[in-house]
$ cat model.txt   # compact mmCIF, C-alpha atoms and all ligand atoms
# COMPACT_ATOMS: atom_id res chain seq x y z
CA MET A 1 10.18 -14.14 -32.55
CA THR A 2 9.48 -13.44 -28.89
CA THR A 3 6.11 -12.12 -27.92
CA LYS A 4 6.32 -9.70 -25.04
CA LYS A 5 3.69 -10.11 -22.33
CA PRO A 6 1.50 -7.02 -22.27
CA MET A 7 1.97 -4.90 -19.16
CA LEU A 8 -0.76 -4.91 -16.52
CA SER A 9 -2.45 -1.63 -15.80
CA VAL A 10 -2.28 -0.32 -12.24
CA GLN A 11 -5.99 -1.05 -11.85
CA GLU A 12 -5.66 -4.63 -13.14
CA ALA A 13 -2.77 -5.41 -10.81
CA LEU A 14 -4.72 -4.01 -7.87
CA GLU A 15 -7.80 -6.05 -8.77
CA PHE A 16 -5.72 -9.26 -8.91
CA LEU A 17 -4.29 -8.53 -5.49
CA LEU A 18 -7.61 -7.72 -3.88
CA GLU A 19 -9.20 -10.84 -5.34
CA ALA A 20 -6.43 -12.99 -3.88
CA ALA A 21 -6.56 -11.36 -0.44
CA ALA A 22 -8.15 -13.81 2.01
CA PRO A 23 -8.78 -11.82 5.20
CA VAL A 24 -7.72 -13.14 8.59
CA SER A 25 -10.65 -14.69 10.43
CA GLU A 26 -9.44 -14.73 14.05
CA THR A 27 -10.79 -11.97 16.25
CA GLU A 28 -10.13 -10.70 19.75
CA THR A 29 -11.94 -8.32 22.08
CA LEU A 30 -10.03 -5.26 23.24
CA PRO A 31 -10.81 -2.47 25.70
CA THR A 32 -12.04 0.42 23.56
CA ALA A 33 -9.11 2.61 24.60
CA GLU A 34 -6.63 0.05 23.25
CA ALA A 35 -8.22 -0.52 19.86
CA THR A 36 -6.59 2.35 17.94
CA GLY A 37 -5.51 1.30 14.47
CA ARG A 38 -7.31 -2.05 14.62
CA VAL A 39 -10.07 -3.24 12.30
CA LEU A 40 -13.57 -3.71 13.69
CA ALA A 41 -14.76 -7.33 13.34
CA ALA A 42 -18.53 -6.79 13.81
CA ASP A 43 -21.10 -4.02 13.32
CA GLN A 44 -21.70 -2.03 16.49
CA GLN A 45 -25.15 -0.82 17.53
CA SER A 46 -26.03 1.79 20.09
CA GLN A 47 -28.24 0.67 22.97
CA LEU A 48 -29.15 4.23 23.79
CA ASP A 49 -30.13 7.60 22.44
CA VAL A 50 -27.35 10.20 22.38
CA PRO A 51 -27.85 12.59 24.04
CA PRO A 52 -29.88 10.35 26.38
CA MET A 53 -32.12 13.31 27.41
CA ASP A 54 -32.80 16.88 26.26
CA ASN A 55 -30.10 19.10 27.73
CA THR A 56 -28.81 22.63 27.49
CA GLN A 57 -26.11 23.75 25.12
CA MET A 58 -25.43 26.96 27.07
CA ASP A 59 -25.08 28.36 30.56
CA GLY A 60 -28.22 30.42 31.17
CA TYR A 61 -31.85 30.08 32.25
CA ALA A 62 -34.35 27.40 31.33
CA VAL A 63 -37.81 28.89 30.71
CA ARG A 64 -41.14 28.36 29.07
CA ALA A 65 -40.84 30.29 25.81
CA ALA A 66 -44.47 31.41 26.27
CA ASP A 67 -43.44 33.30 29.46
CA CYS A 68 -40.96 35.43 27.49
CA VAL A 69 -42.91 36.45 24.37
CA SER A 70 -42.82 40.16 25.23
CA GLY A 71 -39.00 40.15 25.04
CA ALA A 72 -38.65 41.75 28.49
CA ALA A 73 -39.80 39.39 31.25
CA ALA A 74 -38.73 39.34 34.90
CA LEU A 75 -39.06 35.78 36.23
CA PRO A 76 -38.31 34.49 39.72
CA VAL A 77 -35.44 31.96 39.68
CA SER A 78 -36.94 28.85 41.23
CA GLN A 79 -34.00 26.41 41.13
CA ARG A 80 -30.40 25.82 40.08
CA ILE A 81 -29.47 22.79 37.88
CA PRO A 82 -25.77 21.97 37.31
CA ALA A 83 -24.68 19.31 34.78
CA GLY A 84 -25.17 15.81 36.15
CA HIS A 85 -28.11 16.80 38.36
CA VAL A 86 -31.83 16.43 37.79
CA GLY A 87 -34.04 19.45 38.49
CA GLN A 88 -37.67 19.76 39.55
CA PRO A 89 -40.47 20.38 37.03
CA LEU A 90 -40.46 24.08 36.10
CA GLN A 91 -43.40 26.03 37.49
CA PRO A 92 -45.05 28.37 34.93
CA GLY A 93 -43.82 31.94 35.23
CA THR A 94 -40.44 30.98 36.71
CA ALA A 95 -36.92 30.35 35.37
CA ALA A 96 -34.27 27.75 36.35
CA ARG A 97 -30.58 28.67 36.47
CA ILE A 98 -28.97 25.98 34.29
CA PHE A 99 -25.45 25.00 33.19
CA THR A 100 -24.19 23.45 29.93
CA GLY A 101 -24.97 19.75 29.71
CA ALA A 102 -27.63 19.83 32.46
CA LEU A 103 -31.00 18.19 31.79
CA ILE A 104 -33.82 20.52 30.75
CA PRO A 105 -36.42 20.38 33.56
CA GLU A 106 -39.86 19.11 32.72
CA GLY A 107 -42.06 21.98 31.51
CA ALA A 108 -39.19 24.14 30.16
CA ASP A 109 -38.87 24.39 26.39
CA ALA A 110 -36.09 26.94 25.80
CA VAL A 111 -32.84 28.16 27.28
CA ILE A 112 -31.88 31.83 27.36
CA MET A 113 -28.13 32.26 27.30
CA GLN A 114 -26.85 34.15 30.30
CA GLU A 115 -25.53 36.99 28.12
CA GLN A 116 -29.16 37.90 27.34
CA CYS A 117 -30.26 38.02 31.01
CA ALA A 118 -29.68 40.16 34.08
CA PHE A 119 -30.05 38.55 37.50
CA ASP A 120 -31.03 40.76 40.41
CA GLU A 121 -29.80 39.45 43.81
CA ALA A 122 -32.25 41.56 45.83
CA SER A 123 -35.46 40.32 44.16
CA GLY A 124 -34.12 36.90 43.13
CA LYS A 125 -35.54 37.59 39.66
CA VAL A 126 -33.94 37.36 36.27
CA THR A 127 -34.77 39.91 33.59
CA ILE A 128 -34.83 38.37 30.17
CA ASN A 129 -34.25 40.68 27.23
CA HIS A 130 -35.05 38.18 24.53
CA ALA A 131 -38.04 36.32 23.10
CA PRO A 132 -36.81 32.74 22.53
CA LYS A 133 -38.11 30.32 19.97
CA PRO A 134 -39.28 27.03 21.49
CA GLY A 135 -36.30 24.62 21.48
CA GLU A 136 -33.68 27.37 21.54
CA TRP A 137 -30.26 26.13 22.85
CA ILE A 138 -31.66 22.70 23.62
CA ARG A 139 -29.82 19.59 22.45
CA ARG A 140 -32.56 17.09 21.72
CA ARG A 141 -32.55 13.53 22.98
CA GLY A 142 -31.24 11.27 20.18
CA GLU A 143 -30.20 14.13 17.89
CA ASP A 144 -26.78 12.47 17.43
CA ILE A 145 -27.64 8.76 17.68
CA LEU A 146 -30.89 6.83 18.00
CA ALA A 147 -31.04 3.64 20.06
CA GLY A 148 -30.81 0.56 17.82
CA SER A 149 -28.89 2.28 15.04
CA THR A 150 -25.59 0.96 13.69
CA ILE A 151 -22.86 3.41 14.62
CA LEU A 152 -19.80 1.59 13.23
CA GLN A 153 -19.53 -1.03 10.54
CA ARG A 154 -17.42 -4.17 10.40
CA GLY A 155 -14.25 -3.48 8.44
CA THR A 156 -13.84 0.04 9.83
CA ARG A 157 -10.31 1.00 10.83
CA LEU A 158 -10.56 2.46 14.28
CA ARG A 159 -9.21 5.98 14.56
CA ALA A 160 -9.60 8.42 17.44
CA GLN A 161 -13.01 9.50 16.09
CA GLU A 162 -14.39 5.95 15.99
CA LEU A 163 -13.19 5.20 19.53
CA GLY A 164 -14.83 8.39 20.79
CA LEU A 165 -18.10 7.50 19.09
CA ALA A 166 -18.03 3.96 20.53
CA ALA A 167 -17.36 5.34 24.00
CA SER A 168 -20.19 7.87 23.63
CA VAL A 169 -22.71 5.02 23.53
CA GLY A 170 -21.01 3.22 26.40
CA LEU A 171 -19.10 0.51 24.53
CA ALA A 172 -16.27 -0.51 26.87
CA SER A 173 -14.75 -3.09 24.54
CA LEU A 174 -14.69 -3.81 20.82
CA PRO A 175 -14.23 -6.95 18.71
CA VAL A 176 -11.31 -6.57 16.29
CA TYR A 177 -9.46 -8.80 13.85
CA ARG A 178 -6.10 -10.06 15.01
CA ARG A 179 -3.05 -8.23 13.79
CA LEU A 180 -1.51 -9.26 10.49
CA LYS A 181 1.94 -10.84 10.81
CA VAL A 182 4.30 -9.57 8.17
CA ALA A 183 7.89 -10.74 7.66
CA VAL A 184 10.29 -8.53 5.73
CA PHE A 185 13.78 -8.88 4.33
CA PHE A 186 15.99 -6.86 2.03
CA THR A 187 18.12 -8.27 -0.75
CA GLY A 188 21.39 -6.76 -1.91
CA ASP A 189 25.12 -7.32 -1.24
CA GLU A 190 25.50 -3.53 -1.22
CA LEU A 191 23.21 -2.98 1.78
CA THR A 192 24.70 -1.58 4.97
CA MET A 193 22.94 -0.54 8.17
CA PRO A 194 23.10 3.04 9.43
CA GLY A 195 25.68 3.11 12.21
CA GLU A 196 28.10 0.99 10.21
CA PRO A 197 30.81 2.56 8.02
CA LEU A 198 30.04 2.63 4.31
CA LYS A 199 32.49 0.54 2.27
CA PRO A 200 33.16 1.39 -1.39
CA GLY A 201 30.16 0.36 -3.48
CA ALA A 202 27.88 0.04 -0.49
CA ILE A 203 24.71 2.03 0.30
CA TYR A 204 22.59 2.33 3.38
CA ASN A 205 19.46 0.22 3.53
CA SER A 206 16.82 2.91 3.48
CA ASN A 207 13.98 0.63 2.36
CA ARG A 208 14.16 -1.19 5.66
CA PHE A 209 13.21 1.99 7.48
CA THR A 210 10.58 3.16 5.01
CA LEU A 211 8.93 -0.24 4.88
CA ARG A 212 8.92 -0.77 8.63
CA GLY A 213 7.39 2.67 9.12
CA LEU A 214 4.67 1.93 6.59
CA LEU A 215 3.85 -1.43 8.19
CA GLN A 216 3.77 0.09 11.65
CA GLN A 217 1.28 2.71 10.49
CA LEU A 218 -0.92 -0.11 9.23
CA GLY A 219 -0.82 -1.84 12.60
CA CYS A 220 1.05 -4.95 11.43
CA GLU A 221 3.19 -7.20 13.62
CA ILE A 222 6.59 -7.05 11.95
CA VAL A 223 9.22 -9.77 11.81
CA ASP A 224 12.34 -8.16 10.36
CA LEU A 225 14.88 -10.63 9.00
CA GLY A 226 17.26 -7.88 7.90
CA ASN A 227 19.66 -7.84 4.99
CA VAL A 228 20.03 -10.92 2.83
CA PRO A 229 22.96 -11.39 0.43
CA ASP A 230 22.40 -11.82 -3.31
CA SER A 231 22.47 -15.60 -3.51
CA ARG A 232 19.86 -18.18 -4.33
CA GLU A 233 20.56 -20.22 -1.15
CA ALA A 234 20.43 -17.23 1.19
CA THR A 235 17.23 -16.00 -0.42
CA GLN A 236 15.54 -19.40 -0.12
CA ALA A 237 16.62 -19.77 3.50
CA ALA A 238 15.26 -16.30 4.27
CA LEU A 239 11.97 -17.17 2.57
CA ARG A 240 11.55 -20.31 4.65
CA ALA A 241 12.25 -18.41 7.85
CA ALA A 242 9.89 -15.63 6.79
CA ALA A 243 7.03 -17.98 5.93
CA ASN A 244 7.13 -19.64 9.33
CA GLY A 245 4.27 -18.22 11.38
CA ASN A 246 3.59 -15.19 9.19
CA ASP A 247 0.74 -14.20 6.89
CA LEU A 248 2.69 -12.14 4.41
CA ILE A 249 6.31 -11.80 3.27
CA ILE A 250 7.52 -8.55 1.76
CA THR A 251 10.98 -8.14 0.26
CA SER A 252 12.77 -5.36 -1.53
CA GLY A 253 15.18 -5.64 -4.45
CA GLY A 254 16.24 -8.53 -6.62
CA VAL A 255 13.02 -8.73 -8.66
CA SER A 256 14.43 -7.59 -11.98
CA VAL A 257 15.67 -10.25 -14.35
CA GLY A 258 19.42 -9.71 -13.96
CA GLU A 259 21.89 -12.41 -12.92
CA GLU A 260 22.01 -10.95 -9.41
CA ASP A 261 18.24 -11.07 -9.01
CA HIS A 262 17.52 -14.24 -7.08
CA VAL A 263 14.06 -13.59 -5.75
CA LYS A 264 12.17 -15.09 -8.68
CA PRO A 265 13.85 -18.54 -8.76
CA ALA A 266 13.94 -18.65 -4.95
CA VAL A 267 10.19 -18.04 -4.57
CA GLU A 268 9.47 -20.49 -7.39
CA ALA A 269 11.45 -23.15 -5.49
CA GLU A 270 9.63 -22.44 -2.22
CA GLY A 271 6.16 -21.79 -3.58
CA ARG A 272 4.63 -20.04 -6.56
CA LEU A 273 5.30 -16.70 -8.21
CA ASN A 274 3.82 -14.33 -10.74
CA MET A 275 6.24 -11.77 -12.09
CA TRP A 276 4.22 -8.77 -13.07
CA GLN A 277 5.28 -6.02 -15.39
CA ILE A 278 3.01 -3.20 -14.39
CA ALA A 279 2.58 -0.09 -16.51
CA ILE A 280 3.67 2.15 -13.68
CA LYS A 281 6.52 4.59 -13.16
CA PRO A 282 8.23 4.51 -10.75
CA GLY A 283 7.82 0.79 -10.21
CA LYS A 284 7.21 -1.69 -13.03
CA PRO A 285 8.42 -5.05 -11.73
CA LEU A 286 6.33 -6.43 -8.89
CA ALA A 287 6.45 -10.03 -7.78
CA PHE A 288 3.36 -11.59 -6.27
CA GLY A 289 3.06 -15.15 -5.09
CA GLU A 290 3.08 -17.47 -2.12
CA VAL A 291 5.56 -19.43 -0.04
CA ARG A 292 4.79 -22.82 1.54
CA ARG A 293 4.58 -22.99 5.34
CA GLU A 294 5.77 -26.05 7.14
CA GLY A 295 2.95 -27.88 8.89
CA LEU A 296 0.29 -25.50 7.61
CA PRO A 297 -2.11 -26.14 4.74
CA SER A 298 -2.12 -22.54 3.54
CA PRO A 299 0.93 -20.72 2.22
CA ALA A 300 2.11 -17.23 3.20
CA PHE A 301 1.51 -14.50 0.66
CA PHE A 302 4.60 -13.04 -0.96
CA ILE A 303 5.17 -9.60 -2.46
CA GLY A 304 8.54 -8.60 -3.88
CA LEU A 305 8.99 -4.85 -4.21
CA PRO A 306 11.55 -3.22 -6.48
CA GLY A 307 14.79 -2.10 -4.82
CA ASN A 308 14.78 1.51 -5.90
CA PRO A 309 13.62 3.45 -2.85
CA VAL A 310 10.97 5.61 -4.51
CA SER A 311 9.68 2.67 -6.54
CA SER A 312 9.30 0.54 -3.47
CA PHE A 313 7.61 3.40 -1.57
CA VAL A 314 5.12 4.16 -4.35
CA THR A 315 4.32 0.53 -5.15
CA PHE A 316 3.80 -0.12 -1.45
CA LEU A 317 1.29 2.74 -1.23
CA LEU A 318 -0.60 1.76 -4.37
CA PHE A 319 -0.57 -2.04 -4.12
CA VAL A 320 0.70 -3.39 -0.81
CA ARG A 321 -1.29 -1.03 1.40
CA PRO A 322 -4.71 -1.96 -0.03
CA PHE A 323 -3.68 -5.63 -0.07
CA ILE A 324 -2.73 -5.47 3.62
CA LEU A 325 -5.96 -3.63 4.47
CA ALA A 326 -7.93 -6.39 2.74
CA LEU A 327 -5.98 -9.11 4.59
CA GLN A 328 -6.74 -7.30 7.86
CA GLY A 329 -10.45 -7.46 7.11
CA ALA A 330 -10.70 -3.72 6.48
CA SER A 331 -12.94 -2.32 3.79
CA VAL A 332 -10.68 -0.97 1.09
CA VAL A 333 -11.60 2.45 -0.26
CA PRO A 334 -9.60 3.87 -3.15
CA PRO A 335 -7.60 6.98 -2.19
CA LYS A 336 -9.38 10.24 -3.00
CA ARG A 337 -8.05 12.11 -6.03
CA TYR A 338 -8.36 15.86 -6.16
CA PRO A 339 -8.48 17.84 -9.39
CA MET A 340 -5.74 20.47 -9.07
CA ARG A 341 -3.91 22.88 -11.31
CA ALA A 342 -0.43 21.94 -12.47
CA ASP A 343 1.98 24.87 -12.30
CA PHE A 344 4.57 22.93 -14.30
CA ASP A 345 5.12 21.40 -17.72
CA TRP A 346 5.67 17.69 -18.23
CA THR A 347 6.61 17.42 -21.85
CA LYS A 348 7.97 13.89 -22.17
CA PRO A 349 5.40 11.61 -20.55
CA ASP A 350 6.13 7.91 -20.26
CA ARG A 351 3.91 5.31 -21.90
CA ARG A 352 3.39 3.96 -18.39
CA ASN A 353 1.06 5.41 -15.73
CA GLU A 354 3.28 7.90 -13.90
CA PHE A 355 3.06 8.96 -10.28
CA LEU A 356 4.85 12.30 -10.03
CA ARG A 357 5.99 13.72 -6.70
CA VAL A 358 4.52 17.20 -6.31
CA ARG A 359 3.94 19.84 -3.70
CA ILE A 360 1.11 22.34 -3.16
CA ASN A 361 2.41 25.88 -3.66
CA ASP A 362 1.10 29.09 -2.08
CA LYS A 363 -1.09 29.78 -5.15
CA ASN A 364 -2.92 26.49 -4.57
CA GLY A 365 -1.32 24.94 -7.61
CA LEU A 366 1.13 22.05 -7.82
CA ASP A 367 4.91 22.28 -8.22
CA LEU A 368 6.89 19.35 -9.53
CA PHE A 369 9.97 18.00 -7.77
CA PRO A 370 12.70 18.59 -10.37
CA ASN A 371 14.25 15.14 -10.14
CA GLN A 372 11.66 12.38 -10.65
CA SER A 373 14.22 9.56 -10.67
CA SER A 374 13.13 6.41 -8.83
CA GLY A 375 16.17 6.56 -6.56
CA VAL A 376 15.66 10.11 -5.29
CA LEU A 377 14.08 9.75 -1.86
CA THR A 378 14.23 13.51 -1.27
CA SER A 379 11.18 13.82 -3.55
CA THR A 380 9.08 11.81 -1.07
CA VAL A 381 9.93 14.12 1.81
CA TRP A 382 9.65 17.36 -0.21
CA GLY A 383 6.32 16.36 -1.75
CA ASP A 384 2.78 16.60 -0.39
CA GLY A 385 1.64 13.77 -2.60
CA ILE A 386 1.59 12.35 -6.11
CA VAL A 387 -0.03 13.20 -9.40
CA ASP A 388 -1.62 10.19 -11.06
CA ASN A 389 -0.71 10.87 -14.70
CA PRO A 390 -2.27 8.59 -17.34
CA PRO A 391 0.03 6.82 -19.83
CA GLY A 392 1.37 9.14 -22.51
CA GLN A 393 -0.28 12.26 -21.08
CA ALA A 394 1.75 15.47 -21.46
CA ILE A 395 1.01 18.22 -18.96
CA LYS A 396 1.01 21.96 -19.68
CA ALA A 397 1.08 24.54 -16.90
CA GLY A 398 -2.56 25.39 -16.14
CA ASP A 399 -3.87 21.87 -16.89
CA THR A 400 -5.99 20.12 -14.29
CA VAL A 401 -4.35 16.94 -12.96
CA HIS A 402 -5.33 14.20 -10.49
CA PHE A 403 -3.58 14.81 -7.17
CA ILE A 404 -3.45 12.19 -4.40
CA PRO A 405 -2.16 13.67 -1.13
CA PHE A 406 0.14 11.43 0.89
CA SER A 407 -2.36 11.80 3.72
CA GLU A 408 -4.76 9.64 1.66
CA LEU A 409 -2.17 6.87 1.51
CA LEU A 410 -0.38 7.12 4.82
CA TYR A 411 -2.76 6.23 7.60
P1 LIG A 501 17.40 -4.07 -7.40
O1 LIG A 501 15.91 -4.01 -7.46
O2 LIG A 501 17.90 -5.07 -6.43
O3 LIG A 501 17.98 -4.24 -8.77
O4 LIG A 501 17.87 -2.65 -6.87
C1 LIG A 501 17.61 -1.47 -7.60
C2 LIG A 501 18.33 -0.30 -6.97
O5 LIG A 501 17.80 -0.07 -5.66
C3 LIG A 501 19.81 -0.48 -6.79
O6 LIG A 501 20.44 0.76 -7.03
C4 LIG A 501 19.95 -0.86 -5.34
O7 LIG A 501 21.21 -0.54 -4.81
C5 LIG A 501 18.85 -0.07 -4.70
N1 LIG A 501 18.37 -0.74 -3.49
C6 LIG A 501 18.04 -2.03 -3.39
N2 LIG A 501 17.64 -2.33 -2.14
C7 LIG A 501 17.72 -1.18 -1.42
C8 LIG A 501 17.45 -0.84 -0.08
N3 LIG A 501 17.02 -1.76 0.80
N4 LIG A 501 17.64 0.44 0.30
C9 LIG A 501 18.06 1.36 -0.57
N5 LIG A 501 18.32 1.10 -1.86
C10 LIG A 501 18.18 -0.16 -2.29
MG MG A 502 19.71 -5.92 -5.97

$ encode --input "model.txt" --output "structure tokens"
Amino acid sequence: MTTKKPMLSVQEALEFLLEAAAPVSETETLPTAEATGRVLAADQQSQLDVPPMDNTQMDGYAVRAADCVSGAAALPVSQRIPAGHVGQPLQPGTAARIFTGALIPEGADAVIMQEQCAFDEASGKVTINHAPKPGEWIRRRGEDILAGSTILQRGTRLRAQELGLAASVGLASLPVYRRLKVAVFFTGDELTMPGEPLKPGAIYNSNRFTLRGLLQQLGCEIVDLGNVPDSREATQAALRAAANGNDLIITSGGVSVGEEDHVKPAVEAEGRLNMWQIAIKPGKPLAFGEVRREGLPSPAFFIGLPGNPVSSFVTFLLFVRPFILALQGASVVPPKRYPMRADFDWTKPDRRNEFLRVRINDKNGLDLFPNQSSGVLTSTVWGDGIVDNPPGQAIKAGDTVHFIPFSELLY
């Protein structure tokens, strides 16, 4: 009798991967403007308050609120303060013409927006038809950031927002982890490159394009070794080349247990391998291991993705992406799941955890792509994301399901 190994749950497989992920330790310092997509290597503090001084949020007149309590004051305009210039202390009973971003002069405690004032050239006085509250239209010193506070934490992936925030406190450069070096190759005698004619039995290598795009979005340095024929020798040679100088090797195809699947024995000969059967659809076989590196004490990590294009896309998003983030030193946050209404029936659920390609319709419900086969790439372009459907769970139209938008997984 053969005992079948129980399948790993999606969560278990992910936990194994994240436990194994040893982050890169080398860092470099980059000009803030060039750090997009990189991972911050140290907490960043602000040395200053932002805004650094009280300033006006509006074009108008800076006043003492007490001078305007009647709601109809006529005050002489004593000075003009554009942004970037420092005014004189405001004399009681006068107003200062002031422009957005300019410092509030000493003594003033409110700004009247110009729409609520009438300036008279002849008298040089402004009539104010409004009784302001103290503090009105004033941006307070430190209301965004206080000096000494941590504005960005180590492990943060730097997007446009983070770079703007760093710049707002004057940080001209940022420490980041070095880029992860990832080697890829694609197994299959049937694989042909776009641009070449398609011989009988051949298909175009789409995984090469999907995978490279995904790795680029994650800011990896990619070494692409191209198509590798289905032979043990070719696969081993490709593995040795891929391990040299790289942190991680990712392959597609050849991880089933058929006679033409050479990845398993090849990785076992060049390092170590765990073949995982994961309770996931699309997906299921995922190979995780390591390949020895000549002259280096530590091996390169290895992940073998299934060949079917949708399987390799989905397993990349769910497993490889968080693994890569962890290797890059980034804090890994699980993708957000949104409860949404299914506007479809799913009557024959699999006993594995399914990830169904769906799209948001104009009634704010979810439509299902009609063909959920693991080879149908159209579903990944048509869809807005995936429904995480628990093992064995049938869905009736109107049920609430867990929706993960692609935007949660593709940045
Ligand atoms: P395999 O995992 O090698 O058994 O491949 C499973 C299926 O995916 C087969 O139909 C392959 O032709 C297809 N496939 C494998 N690699 C690729 C690739 N790089 N691009 C597109 N389809 C592929
Ligand atoms: Mg194959």

$ residues_near_point --input "model.txt" --point "(-34.7, 27.2, 41.6)" --cutoff "8 Å" --atoms "only C-alpha atoms" --output "PyMOL selection string"
chain A and resi 77-81+95-97

$ write_last_selection --input "model.txt" --atoms "C-alpha atoms" --output "tab-separated table (two decimals), in the frame of the given file"
chain	number	residue	atom	x	y	z
A	77	VAL	CA	-35.44	31.96	39.68
A	78	SER	CA	-36.94	28.85	41.23
A	79	GLN	CA	-34.00	26.41	41.13
A	80	ARG	CA	-30.40	25.82	40.08
A	81	ILE	CA	-29.47	22.79	37.88
A	95	ALA	CA	-36.92	30.35	35.37
A	96	ALA	CA	-34.27	27.75	36.35
A	97	ARG	CA	-30.58	28.67	36.47

$ closest_atom_pairs --input "model.txt" --of "chain A" --to "ligand LIG 501 (chain A)" --cutoff "7 Å" --atoms "all atoms listed in the file" --output "Markdown table"
| residue | atom | partner | partner_atom | distance |
| --- | --- | --- | --- | --- |
| A:Phe186 | CA | A:LIG501 | N3 | 5.3 |
| A:Thr187 | CA | A:LIG501 | N2 | 6.1 |
| A:Gly188 | CA | A:LIG501 | N2 | 5.8 |
| A:Glu190 | CA | A:LIG501 | O7 | 6.3 |
| A:Leu191 | CA | A:LIG501 | N3 | 6.4 |
| A:Ile203 | CA | A:LIG501 | O7 | 6.7 |
| A:Tyr204 | CA | A:LIG501 | C9 | 6.1 |
| A:Asn205 | CA | A:LIG501 | N4 | 3.7 |
| A:Ser206 | CA | A:LIG501 | N4 | 4.1 |
| A:Asn207 | CA | A:LIG501 | N3 | 4.2 |
| A:Arg208 | CA | A:LIG501 | N3 | 5.7 |
| A:Ser252 | CA | A:LIG501 | N2 | 5.8 |
| A:Gly253 | CA | A:LIG501 | O2 | 3.4 |
| A:Gly254 | CA | A:LIG501 | O2 | 3.8 |
| A:Val255 | CA | A:LIG501 | O1 | 5.7 |
| A:Ser256 | CA | A:LIG501 | O3 | 5.8 |
| A:Asp261 | CA | A:LIG501 | O2 | 6.5 |
| A:Pro306 | CA | A:LIG501 | O1 | 4.5 |
| A:Gly307 | CA | A:LIG501 | O1 | 3.4 |
| A:Asn308 | CA | A:LIG501 | O5 | 3.4 |
| A:Pro309 | CA | A:LIG501 | N5 | 5.3 |
| A:Gly375 | CA | A:LIG501 | O5 | 6.9 |

$ closest_residue --input "model.txt" --among "A:Gly135, A:Gly84, A:Gly271, A:Pro6" --to "Ala62 of chain A" --atoms "all atoms listed in the file"
A:Gly135

$ atom_distance --input "model.txt" --atom1 "atom CA of Val401 of chain A" --atom2 "atom CA of Arg341 of chain A"
6.2 Å

$ residues_around --input "model.txt" --residues "Ser298 of chain A" --least-positions-apart "5" --cutoff "12 Å" --atoms "all atoms listed in the file" --output "ChimeraX atom specification"
/A:22,243-248,271,290-293

$ residues_around --input "model.txt" --residues "Cys117 of chain A" --least-positions-apart "3" --cutoff "7 Å" --atoms "only C-alpha atoms" --output "list of chain:residue names"
A:Gln114, A:Val126, A:Thr127, A:Ile128, A:Asn129

$ closest_residue --input "model.txt" --among "A:Val257, A:Val310, A:Ala300, A:Ile395" --to "ligand MG 502 (chain A)" --atoms "all atoms listed in the file"
A:Val257

$ closest_residue --input "model.txt" --among "A:Gly258, A:Gly37, A:Pro175, A:Gly392" --to "ligand MG 502 (chain A)" --atoms "only C-alpha atoms and all ligand atoms"
A:Gly258

$ closest_residue --input "model.txt" --among "A:Gln217, A:Thr27, A:Thr235, A:Thr94" --to "ligand MG 502 (chain A)" --atoms "only C-alpha atoms and all ligand atoms"
A:Thr235

$ residues_around --input "model.txt" --residues "Asp343 of chain A" --least-positions-apart "5" --cutoff "6 Å" --atoms "all atoms listed in the file" --output "list in words"
Gly365, Leu366, Asp367, Ala397 and Gly398 of chain A

$ residues_near_point --input "model.txt" --point "(-33.1, 15.5, 34.1)" --cutoff "10 Å" --atoms "all atoms listed in the file" --output "ChimeraX atom specification"
/A:52-55,81,83-89,102-106

$ write_last_selection --input "model.txt" --atoms "C-alpha atoms" --output "PDB file, keeping the file's coordinate frame"
ATOM      1  CA  PRO A  52     -29.880  10.350  26.380  1.00  0.00           C
ATOM      2  CA  MET A  53     -32.120  13.310  27.410  1.00  0.00           C
ATOM      3  CA  ASP A  54     -32.800  16.880  26.260  1.00  0.00           C
ATOM      4  CA  ASN A  55     -30.100  19.100  27.730  1.00  0.00           C
ATOM      5  CA  ILE A  81     -29.470  22.790  37.880  1.00  0.00           C
ATOM      6  CA  ALA A  83     -24.680  19.310  34.780  1.00  0.00           C
ATOM      7  CA  GLY A  84     -25.170  15.810  36.150  1.00  0.00           C
ATOM      8  CA  HIS A  85     -28.110  16.800  38.360  1.00  0.00           C
ATOM      9  CA  VAL A  86     -31.830  16.430  37.790  1.00  0.00           C
ATOM     10  CA  GLY A  87     -34.040  19.450  38.490  1.00  0.00           C
ATOM     11  CA  GLN A  88     -37.670  19.760  39.550  1.00  0.00           C
ATOM     12  CA  PRO A  89     -40.470  20.380  37.030  1.00  0.00           C
ATOM     13  CA  ALA A 102     -27.630  19.830  32.460  1.00  0.00           C
ATOM     14  CA  LEU A 103     -31.000  18.190  31.790  1.00  0.00           C
ATOM     15  CA  ILE A 104     -33.820  20.520  30.750  1.00  0.00           C
ATOM     16  CA  PRO A 105     -36.420  20.380  33.560  1.00  0.00           C
ATOM     17  CA  GLU A 106     -39.860  19.110  32.720  1.00  0.00           C
TER      18      GLU A 106
END

$ residues_around --input "model.txt" --residues "Trp276 of chain A" --least-positions-apart "3" --cutoff "6 Å" --atoms "only C-alpha atoms" --output "PDB file with C-alpha atoms, in the frame of the given file"
ATOM      1  CA  PRO A 285       8.420  -5.050 -11.730  1.00  0.00           C
ATOM      2  CA  LEU A 286       6.330  -6.430  -8.890  1.00  0.00           C
ATOM      3  CA  ALA A 287       6.450 -10.030  -7.780  1.00  0.00           C
TER       4      ALA A 287
END

$ atom_distance --input "model.txt" --atom1 "atom CA of Leu152 of chain A" --atom2 "atom CA of Asp43 of chain A"
5.8 Å

$ closest_residue --input "model.txt" --among "A:Gln328, A:Asn371, A:Asp230, A:Thr347" --to "ligand MG 502 (chain A)" --atoms "only C-alpha atoms and all ligand atoms"
A:Asp230
